[in-house]
Amino acid sequence: MTRLFVFLIAFLLIPVAPQAQVPDAPVADFTVRHVGGGRSDTIELRQLAAPSEEWFISSQELSDLLGVGRFWRTDVRKLVLRIDDRRVTFTVGARSVVGNDETIMLRQEVLYFEGEAWIPLEFLSDVLPRLSDRQASVDAQARTLSLGERRLNVLGLEVSRGGDQTELRIRLESALAFRVDDSRVRNLVIKIYGGALDPGQIRLNTAQGLVDAVRARQADGYAYVEVDLSQLASRYQSLTEDDGKTILLRMEQAPVTLIPEPQPRGTYMVQTLPPEQQGRDVAVRRVVIDAGHGGGDLGAEGLNDLREKDITLAVARQLEKILERRDNIEVILTRDGDESIGLIERTEMANRYKADLFISLHCNAWPNARARGVETYFLSPAKTEWDADVARKENAGVRAAEDLDFMLWDLVQNAWIQESATLAEEVQSRLSTDLGMNNRGVKQAGFRVLVGAFMPAILVELGFVTNREDAARLSSPAFHEAAAESMADAIVQFRARMDAIRERSR
Ligand SMILES: [Zn+2]
């Protein structure tokens, strides 16, 4: 009844306005699948912003599709959709979308065509999940659009206390990689890779034991759980239970001493290693550097006749030089020439030489020339469409039978996931800061080349050979050297971090 009324008003407010002229704007029917709902619709989309290939959906189709109320204000050319409990405002001619108090920028602006506002389809895939519990994925090639509820995989939080200890458990739907950042005073931040949570569910407002409060937030591709600790907490350890489906942080209170111990400035927390990690030798003495592709396998091909196999080899050689001469780290290259080596052979080499780290170098390619920047992967089940796609491309060198397990959670590599994530964060932050490149973040994917490694292992995508800016860099020897130096700095930093942990656990 109310909805009918709303639509009636919306209808009355929609103006008769001059139409934008977009001659020959491509039109296509997209099939809409409602995930879990069974029914499917067809909607008509248009490419209104040529030469951009972005598809646009009319405001009416959009509100029908989402089953939400629509308001149009002619005077200011604003469209308001009421999505669940949120007011989402679009303005014709603007790229900004305002949802409650958050403003999100679209790549394309909202257009006015045939008497109504048309919204770029990226709103559904990129913005909707941030503003609501709904999720949409678009496959422009297959002309399909899937709509559904966002699936949460960070399910709950429990805090329990006993004696001098307080335990905090985060329940996950399935095992996810995570990393604990303890660099701030009396505060731990758990970054959960591929985590999706509802901040309203993962919170603690009243102090319990050594935990003062817990907050959570959702970022693109990660979930963060932030724990404020009581002044009494002196150390913690991070563990997993239930095959990785529970993250456990155990906080301990220091024994009370008569004379207060001097507190080191900066951080009061000391991480104690979980039992299975104690005595583990993570000294970084020997590193295997893997120049991706080679021989008949050219890897990605891009602008300026760039070939991935040449770039990876050039950077690998520079990295070898710096690590050996400057940092006294022994380096083994999986290839030192233009030769073809199987993916499995590469990690076998690292295992045979008992390397302490395995670093695989690659370059990205993407049909959209605007994609650019550097990203670093560590092994874990691929979580997003993008990650899975990159993994599929990089795994192309594997024969079909061996390819079957490339997405599986590998137990051997899993033992090193914390260290791999730490190394990946270090390398990614150095590369993006030192080289001034677009920071695409640390990601997880099931690369075959990392699966067999019995050591911390990462895969670095040094840039896009398909992007003009990145390609110019990737073809320059000065860039190869700068990238190598930056990665060497990260490895040295990682070595220092591991040394410090071993020192403390002694
Ligand atoms: Zn590659």
# chains A, B, ... in the order shown; residues from 1 in each chain; ligands from 1

call {"tool": "residues_around", "arguments": {"residues": "stretch 327-343 of chain A", "least_positions_apart": "4", "cutoff": "8 Å", "atoms": "only C-alpha atoms", "output": "PDB file with N, CA, C and O atoms, in the first residue's frame"}}
result
ATOM      1  N   VAL A 284      66.438 -15.674   7.467  1.00  0.00           N
ATOM      2  CA  VAL A 284      66.437 -15.518   6.014  1.00  0.00           C
ATOM      3  C   VAL A 284      67.876 -15.507   5.510  1.00  0.00           C
ATOM      4  O   VAL A 284      68.573 -14.507   5.615  1.00  0.00           O
ATOM      5  N   ARG A 285      68.317 -16.659   5.012  1.00  0.00           N
ATOM      6  CA  ARG A 285      69.698 -16.744   4.523  1.00  0.00           C
ATOM      7  C   ARG A 285      69.744 -17.025   3.031  1.00  0.00           C
ATOM      8  O   ARG A 285      70.644 -16.606   2.339  1.00  0.00           O
ATOM      9  N   ARG A 286      68.736 -17.772   2.562  1.00  0.00           N
ATOM     10  CA  ARG A 286      68.758 -18.185   1.161  1.00  0.00           C
ATOM     11  C   ARG A 286      67.373 -17.972   0.552  1.00  0.00           C
ATOM     12  O   ARG A 286      66.374 -18.424   1.104  1.00  0.00           O
ATOM     13  N   VAL A 287      67.338 -17.278  -0.570  1.00  0.00           N
ATOM     14  CA  VAL A 287      66.061 -16.914  -1.185  1.00  0.00           C
ATOM     15  C   VAL A 287      66.025 -17.411  -2.624  1.00  0.00           C
ATOM     16  O   VAL A 287      67.004 -17.251  -3.354  1.00  0.00           O
ATOM     17  N   VAL A 288      64.920 -18.023  -2.997  1.00  0.00           N
ATOM     18  CA  VAL A 288      64.754 -18.381  -4.403  1.00  0.00           C
ATOM     19  C   VAL A 288      63.921 -17.299  -5.088  1.00  0.00           C
ATOM     20  O   VAL A 288      62.836 -16.953  -4.628  1.00  0.00           O
ATOM     21  N   ILE A 289      64.487 -16.724  -6.148  1.00  0.00           N
ATOM     22  CA  ILE A 289      63.774 -15.713  -6.929  1.00  0.00           C
ATOM     23  C   ILE A 289      63.345 -16.373  -8.234  1.00  0.00           C
ATOM     24  O   ILE A 289      64.169 -16.922  -8.968  1.00  0.00           O
ATOM     25  N   ASP A 290      62.059 -16.305  -8.482  1.00  0.00           N
ATOM     26  CA  ASP A 290      61.497 -16.985  -9.641  1.00  0.00           C
ATOM     27  C   ASP A 290      61.052 -15.959 -10.683  1.00  0.00           C
ATOM     28  O   ASP A 290      60.081 -15.240 -10.474  1.00  0.00           O
ATOM     29  N   ALA A 291      61.789 -15.879 -11.781  1.00  0.00           N
ATOM     30  CA  ALA A 291      61.381 -14.997 -12.883  1.00  0.00           C
ATOM     31  C   ALA A 291      60.276 -15.719 -13.648  1.00  0.00           C
ATOM     32  O   ALA A 291      60.504 -16.760 -14.257  1.00  0.00           O
ATOM     33  N   HIS A 293      57.461 -17.211 -16.129  1.00  0.00           N
ATOM     34  CA  HIS A 293      57.409 -17.565 -17.555  1.00  0.00           C
ATOM     35  C   HIS A 293      58.817 -17.803 -18.133  1.00  0.00           C
ATOM     36  O   HIS A 293      59.730 -18.095 -17.383  1.00  0.00           O
ATOM     37  N   GLY A 294      58.997 -17.658 -19.449  1.00  0.00           N
ATOM     38  CA  GLY A 294      60.301 -17.928 -20.059  1.00  0.00           C
ATOM     39  C   GLY A 294      60.192 -18.881 -21.233  1.00  0.00           C
ATOM     40  O   GLY A 294      59.248 -19.672 -21.311  1.00  0.00           O
ATOM     41  N   GLY A 295      61.153 -18.791 -22.152  1.00  0.00           N
ATOM     42  CA  GLY A 295      61.155 -19.641 -23.340  1.00  0.00           C
ATOM     43  C   GLY A 295      59.915 -19.393 -24.179  1.00  0.00           C
ATOM     44  O   GLY A 295      59.537 -18.251 -24.425  1.00  0.00           O
ATOM     45  N   GLY A 296      59.257 -20.475 -24.577  1.00  0.00           N
ATOM     46  CA  GLY A 296      58.065 -20.355 -25.414  1.00  0.00           C
ATOM     47  C   GLY A 296      56.887 -19.740 -24.671  1.00  0.00           C
ATOM     48  O   GLY A 296      55.938 -19.253 -25.283  1.00  0.00           O
ATOM     49  N   ASP A 297      56.941 -19.754 -23.357  1.00  0.00           N
ATOM     50  CA  ASP A 297      55.880 -19.148 -22.546  1.00  0.00           C
ATOM     51  C   ASP A 297      56.237 -17.679 -22.319  1.00  0.00           C
ATOM     52  O   ASP A 297      57.049 -17.353 -21.464  1.00  0.00           O
ATOM     53  N   LYS A 309      57.968 -12.206 -19.738  1.00  0.00           N
ATOM     54  CA  LYS A 309      59.122 -13.054 -19.420  1.00  0.00           C
ATOM     55  C   LYS A 309      60.431 -12.265 -19.388  1.00  0.00           C
ATOM     56  O   LYS A 309      61.339 -12.606 -18.643  1.00  0.00           O
ATOM     57  N   ASP A 310      60.532 -11.200 -20.213  1.00  0.00           N
ATOM     58  CA  ASP A 310      61.761 -10.399 -20.233  1.00  0.00           C
ATOM     59  C   ASP A 310      61.854  -9.508 -18.996  1.00  0.00           C
ATOM     60  O   ASP A 310      62.922  -9.344 -18.409  1.00  0.00           O
ATOM     61  N   LEU A 313      62.674 -11.489 -15.779  1.00  0.00           N
ATOM     62  CA  LEU A 313      64.079 -11.916 -15.717  1.00  0.00           C
ATOM     63  C   LEU A 313      64.988 -10.732 -15.365  1.00  0.00           C
ATOM     64  O   LEU A 313      65.896 -10.852 -14.537  1.00  0.00           O
ATOM     65  N   ALA A 316      64.547  -9.980 -11.719  1.00  0.00           N
ATOM     66  CA  ALA A 316      65.110 -11.067 -10.903  1.00  0.00           C
ATOM     67  C   ALA A 316      66.629 -10.932 -10.808  1.00  0.00           C
ATOM     68  O   ALA A 316      67.218 -11.094  -9.740  1.00  0.00           O
ATOM     69  N   ARG A 317      67.265 -10.612 -11.931  1.00  0.00           N
ATOM     70  CA  ARG A 317      68.733 -10.482 -11.929  1.00  0.00           C
ATOM     71  C   ARG A 317      69.184  -9.320 -11.049  1.00  0.00           C
ATOM     72  O   ARG A 317      70.174  -9.412 -10.328  1.00  0.00           O
ATOM     73  N   GLU A 320      68.779 -10.314  -7.429  1.00  0.00           N
ATOM     74  CA  GLU A 320      69.862 -11.226  -7.041  1.00  0.00           C
ATOM     75  C   GLU A 320      71.115 -10.428  -6.675  1.00  0.00           C
ATOM     76  O   GLU A 320      71.741 -10.641  -5.637  1.00  0.00           O
ATOM     77  N   ILE A 322      71.476  -7.267  -5.759  1.00  0.00           N
ATOM     78  CA  ILE A 322      71.378  -6.446  -4.545  1.00  0.00           C
ATOM     79  C   ILE A 322      71.402  -7.313  -3.285  1.00  0.00           C
ATOM     80  O   ILE A 322      72.130  -7.038  -2.334  1.00  0.00           O
ATOM     81  N   LEU A 323      70.618  -8.389  -3.292  1.00  0.00           N
ATOM     82  CA  LEU A 323      70.548  -9.228  -2.086  1.00  0.00           C
ATOM     83  C   LEU A 323      71.910  -9.854  -1.768  1.00  0.00           C
ATOM     84  O   LEU A 323      72.308  -9.934  -0.612  1.00  0.00           O
ATOM     85  N   THR A 347      58.996 -24.618  -7.743  1.00  0.00           N
ATOM     86  CA  THR A 347      58.938 -24.751  -6.281  1.00  0.00           C
ATOM     87  C   THR A 347      59.778 -25.928  -5.811  1.00  0.00           C
ATOM     88  O   THR A 347      60.333 -25.896  -4.721  1.00  0.00           O
ATOM     89  N   MET A 349      62.561 -26.706  -6.940  1.00  0.00           N
ATOM     90  CA  MET A 349      63.917 -26.163  -6.843  1.00  0.00           C
ATOM     91  C   MET A 349      64.102 -25.484  -5.481  1.00  0.00           C
ATOM     92  O   MET A 349      65.108 -25.672  -4.805  1.00  0.00           O
ATOM     93  N   GLY A 397      50.180 -22.257 -17.345  1.00  0.00           N
ATOM     94  CA  GLY A 397      51.312 -23.109 -17.694  1.00  0.00           C
ATOM     95  C   GLY A 397      51.212 -24.526 -17.140  1.00  0.00           C
ATOM     96  O   GLY A 397      52.048 -25.361 -17.419  1.00  0.00           O
ATOM     97  N   VAL A 398      50.198 -24.796 -16.337  1.00  0.00           N
ATOM     98  CA  VAL A 398      50.091 -26.115 -15.714  1.00  0.00           C
ATOM     99  C   VAL A 398      49.208 -27.017 -16.564  1.00  0.00           C
ATOM    100  O   VAL A 398      48.200 -26.585 -17.082  1.00  0.00           O
ATOM    101  N   ARG A 448      49.360 -21.972  -8.515  1.00  0.00           N
ATOM    102  CA  ARG A 448      50.003 -23.277  -8.476  1.00  0.00           C
ATOM    103  C   ARG A 448      51.470 -23.151  -8.107  1.00  0.00           C
ATOM    104  O   ARG A 448      52.032 -23.958  -7.401  1.00  0.00           O
ATOM    105  N   VAL A 449      52.097 -22.088  -8.589  1.00  0.00           N
ATOM    106  CA  VAL A 449      53.535 -21.965  -8.390  1.00  0.00           C
ATOM    107  C   VAL A 449      53.871 -21.777  -6.910  1.00  0.00           C
ATOM    108  O   VAL A 449      54.955 -22.087  -6.465  1.00  0.00           O
ATOM    109  N   VAL A 492      64.818  -7.519   3.713  1.00  0.00           N
ATOM    110  CA  VAL A 492      65.687  -7.245   4.858  1.00  0.00           C
ATOM    111  C   VAL A 492      64.845  -6.883   6.084  1.00  0.00           C
ATOM    112  O   VAL A 492      65.107  -7.333   7.203  1.00  0.00           O
TER     113      VAL A 492
END

call {"tool": "residues_around", "arguments": {"residues": "A:Arg82", "least_positions_apart": "6", "cutoff": "8 Å", "atoms": "only C-alpha atoms", "output": "PyMOL selection string"}}
result
chain A and resi 68-70+88

call {"tool": "write_last_selection", "arguments": {"atoms": "all heavy atoms", "output": "PDB file, in the first residue's frame"}}
result
ATOM      1  N   VAL A  68      13.015  -1.461  -4.866  1.00  0.00           N
ATOM      2  CA  VAL A  68      13.114  -0.358  -3.901  1.00  0.00           C
ATOM      3  C   VAL A  68      12.382   0.874  -4.424  1.00  0.00           C
ATOM      4  O   VAL A  68      12.123   1.002  -5.618  1.00  0.00           O
ATOM      5  CB  VAL A  68      14.591   0.014  -3.614  1.00  0.00           C
ATOM      6  CG1 VAL A  68      15.339  -1.181  -3.069  1.00  0.00           C
ATOM      7  CG2 VAL A  68      15.288   0.540  -4.866  1.00  0.00           C
ATOM      8  N   GLY A  69      12.056   1.769  -3.512  1.00  0.00           N
ATOM      9  CA  GLY A  69      11.366   3.007  -3.867  1.00  0.00           C
ATOM     10  C   GLY A  69      12.295   3.982  -4.574  1.00  0.00           C
ATOM     11  O   GLY A  69      13.497   3.981  -4.350  1.00  0.00           O
ATOM     12  N   ARG A  70      11.689   4.805  -5.447  1.00  0.00           N
ATOM     13  CA  ARG A  70      12.486   5.708  -6.269  1.00  0.00           C
ATOM     14  C   ARG A  70      11.856   7.096  -6.215  1.00  0.00           C
ATOM     15  O   ARG A  70      10.644   7.235  -6.367  1.00  0.00           O
ATOM     16  CB  ARG A  70      12.469   5.170  -7.696  1.00  0.00           C
ATOM     17  CG  ARG A  70      13.093   6.043  -8.747  1.00  0.00           C
ATOM     18  CD  ARG A  70      13.127   5.293 -10.060  1.00  0.00           C
ATOM     19  NE  ARG A  70      11.775   5.049 -10.568  1.00  0.00           N
ATOM     20  CZ  ARG A  70      11.331   5.481 -11.750  1.00  0.00           C
ATOM     21  NH1 ARG A  70      12.113   6.160 -12.542  1.00  0.00           N
ATOM     22  NH2 ARG A  70      10.112   5.212 -12.146  1.00  0.00           N
ATOM     23  N   VAL A  88      19.933   6.490  -0.918  1.00  0.00           N
ATOM     24  CA  VAL A  88      21.091   6.574  -1.804  1.00  0.00           C
ATOM     25  C   VAL A  88      20.772   7.606  -2.878  1.00  0.00           C
ATOM     26  O   VAL A  88      19.789   7.481  -3.597  1.00  0.00           O
ATOM     27  CB  VAL A  88      21.402   5.199  -2.428  1.00  0.00           C
ATOM     28  CG1 VAL A  88      22.600   5.294  -3.349  1.00  0.00           C
ATOM     29  CG2 VAL A  88      21.651   4.170  -1.326  1.00  0.00           C
TER      30      VAL A  88
END

call {"tool": "residues_near_ligand", "arguments": {"ligand": "ligand 1", "cutoff": "8 Å", "atoms": "only C-alpha atoms and all ligand atoms", "output": "mmCIF file with N, CA, C and O atoms, in the first residue's frame"}}
result
data_model
loop_
_atom_site.group_PDB
_atom_site.id
_atom_site.type_symbol
_atom_site.label_atom_id
_atom_site.label_comp_id
_atom_site.auth_asym_id
_atom_site.auth_seq_id
_atom_site.Cartn_x
_atom_site.Cartn_y
_atom_site.Cartn_z
ATOM 1 N N GLY A 292 59.069 -15.175 -13.592
ATOM 2 C CA GLY A 292 57.906 -15.851 -14.169
ATOM 3 C C GLY A 292 58.053 -16.095 -15.670
ATOM 4 O O GLY A 292 58.704 -15.330 -16.373
ATOM 5 N N HIS A 293 57.461 -17.211 -16.129
ATOM 6 C CA HIS A 293 57.409 -17.565 -17.555
ATOM 7 C C HIS A 293 58.817 -17.803 -18.133
ATOM 8 O O HIS A 293 59.730 -18.095 -17.383
ATOM 9 N N GLY A 299 54.357 -15.244 -21.307
ATOM 10 C CA GLY A 299 53.619 -14.522 -20.274
ATOM 11 C C GLY A 299 52.748 -13.471 -20.927
ATOM 12 O O GLY A 299 52.395 -13.590 -22.101
ATOM 13 N N ALA A 300 52.446 -12.422 -20.184
ATOM 14 C CA ALA A 300 51.575 -11.371 -20.720
ATOM 15 C C ALA A 300 52.325 -10.566 -21.770
ATOM 16 O O ALA A 300 53.523 -10.332 -21.653
ATOM 17 N N GLU A 308 56.211 -10.200 -20.686
ATOM 18 C CA GLU A 308 56.354 -10.431 -19.245
ATOM 19 C C GLU A 308 57.642 -11.189 -18.927
ATOM 20 O O GLU A 308 58.340 -10.870 -17.967
ATOM 21 N N LYS A 309 57.968 -12.206 -19.738
ATOM 22 C CA LYS A 309 59.122 -13.054 -19.420
ATOM 23 C C LYS A 309 60.431 -12.265 -19.388
ATOM 24 O O LYS A 309 61.339 -12.606 -18.643
ATOM 25 N N LEU A 361 58.107 -13.556 -9.536
ATOM 26 C CA LEU A 361 57.883 -12.237 -10.138
ATOM 27 C C LEU A 361 57.042 -12.359 -11.409
ATOM 28 O O LEU A 361 57.300 -13.220 -12.249
ATOM 29 N N HIS A 362 56.058 -11.482 -11.531
ATOM 30 C CA HIS A 362 55.160 -11.505 -12.692
ATOM 31 C C HIS A 362 54.726 -10.096 -13.065
ATOM 32 O O HIS A 362 54.998 -9.138 -12.343
ATOM 33 N N CYS A 363 54.039 -9.978 -14.212
ATOM 34 C CA CYS A 363 53.400 -8.725 -14.597
ATOM 35 C C CYS A 363 51.959 -9.046 -14.963
ATOM 36 O O CYS A 363 51.653 -10.136 -15.416
ATOM 37 N N ASN A 364 51.115 -8.057 -14.784
ATOM 38 C CA ASN A 364 49.698 -8.208 -15.057
ATOM 39 C C ASN A 364 49.341 -7.789 -16.471
ATOM 40 O O ASN A 364 50.058 -6.996 -17.095
ATOM 41 N N LYS A 393 44.979 -17.188 -15.006
ATOM 42 C CA LYS A 393 45.940 -16.783 -16.026
ATOM 43 C C LYS A 393 47.335 -17.280 -15.695
ATOM 44 O O LYS A 393 48.025 -17.825 -16.527
ATOM 45 N N GLU A 394 47.749 -17.060 -14.439
ATOM 46 C CA GLU A 394 49.105 -17.439 -14.064
ATOM 47 C C GLU A 394 49.264 -18.951 -14.013
ATOM 48 O O GLU A 394 50.355 -19.472 -14.062
ATOM 49 N N GLU A 461 53.060 -9.010 -8.616
ATOM 50 C CA GLU A 461 52.671 -8.532 -9.946
ATOM 51 C C GLU A 461 53.175 -7.101 -10.031
ATOM 52 O O GLU A 461 52.645 -6.201 -9.389
#

call {"tool": "atom_distance", "arguments": {"atom1": "atom CA of A:Leu128", "atom2": "atom CA of A:Thr89"}}
result
12.3 Å

call {"tool": "atom_distance", "arguments": {"atom1": "atom CA of A:Ser230", "atom2": "atom CA of A:Asn153"}}
result
28.1 Å

call {"tool": "atom_distance", "arguments": {"atom1": "atom CA of A:Trp118", "atom2": "atom CA of A:Ser58"}}
result
4.3 Å

call {"tool": "select_by_dssp", "arguments": {"residues": "stretch 31-263 of chain A", "states": "helix (DSSP H, G or I)", "output": "ChimeraX atom specification"}}
result
/A:59-66,122-131,242-244

call {"tool": "write_last_selection", "arguments": {"atoms": "C-alpha atoms", "output": "PDB file, in the first residue's frame"}}
result
ATOM      1  CA  SER A  59      16.655   4.400 -12.830  1.00  0.00           C
ATOM      2  CA  GLN A  60      13.337   2.663 -13.345  1.00  0.00           C
ATOM      3  CA  GLU A  61      14.923  -0.672 -14.267  1.00  0.00           C
ATOM      4  CA  LEU A  62      17.283  -0.292 -11.322  1.00  0.00           C
ATOM      5  CA  SER A  63      14.551   0.375  -8.773  1.00  0.00           C
ATOM      6  CA  ASP A  64      12.413  -2.470 -10.171  1.00  0.00           C
ATOM      7  CA  LEU A  65      15.374  -4.819 -10.110  1.00  0.00           C
ATOM      8  CA  LEU A  66      16.179  -4.043  -6.484  1.00  0.00           C
ATOM      9  CA  GLU A 122      29.531  -0.293 -11.751  1.00  0.00           C
ATOM     10  CA  PHE A 123      27.129   0.988  -9.092  1.00  0.00           C
ATOM     11  CA  LEU A 124      25.708  -2.520  -8.768  1.00  0.00           C
ATOM     12  CA  SER A 125      29.007  -4.381  -8.717  1.00  0.00           C
ATOM     13  CA  ASP A 126      31.169  -1.961  -6.741  1.00  0.00           C
ATOM     14  CA  VAL A 127      29.010   0.384  -4.684  1.00  0.00           C
ATOM     15  CA  LEU A 128      25.910  -1.587  -3.718  1.00  0.00           C
ATOM     16  CA  PRO A 129      27.809  -4.102  -1.527  1.00  0.00           C
ATOM     17  CA  ARG A 130      29.356  -1.209   0.400  1.00  0.00           C
ATOM     18  CA  LEU A 131      26.020   0.463   1.053  1.00  0.00           C
ATOM     19  CA  ASP A 242      38.729 -25.959  14.509  1.00  0.00           C
ATOM     20  CA  ASP A 243      40.778 -26.370  11.285  1.00  0.00           C
ATOM     21  CA  GLY A 244      41.263 -22.643  10.985  1.00  0.00           C
TER      22      GLY A 244
END

call {"tool": "closest_residue", "arguments": {"among": "A:Ala177, A:Met498, A:Ala50, A:Val32", "to": "A:Val442", "atoms": "only C-alpha atoms"}}
result
A:Ala177

call {"tool": "residues_around", "arguments": {"residues": "stretch 178-190 of chain A", "least_positions_apart": "2", "cutoff": "8 Å", "atoms": "only C-alpha atoms", "output": "list of chain:residue names"}}
result
A:Leu176, A:Ile192, A:Tyr193, A:Tyr224, A:Val225, A:Glu226, A:Val227, A:Asp228, A:Leu229, A:Ser230, A:Gln231, A:Ala233, A:Ser238, A:Gly266, A:Thr267, A:Tyr268, A:Met269, A:Gln418, A:Ala421, A:Thr422

call {"tool": "closest_residue", "arguments": {"among": "A:Arg495, A:Leu249, A:Lys354, A:Ala471", "to": "A:Asp305", "atoms": "only C-alpha atoms"}}
result
A:Ala471

call {"tool": "closest_residue", "arguments": {"among": "A:Arg203, A:Lys191, A:Arg215, A:Arg33", "to": "A:Glu425", "atoms": "only C-alpha atoms"}}
result
A:Lys191
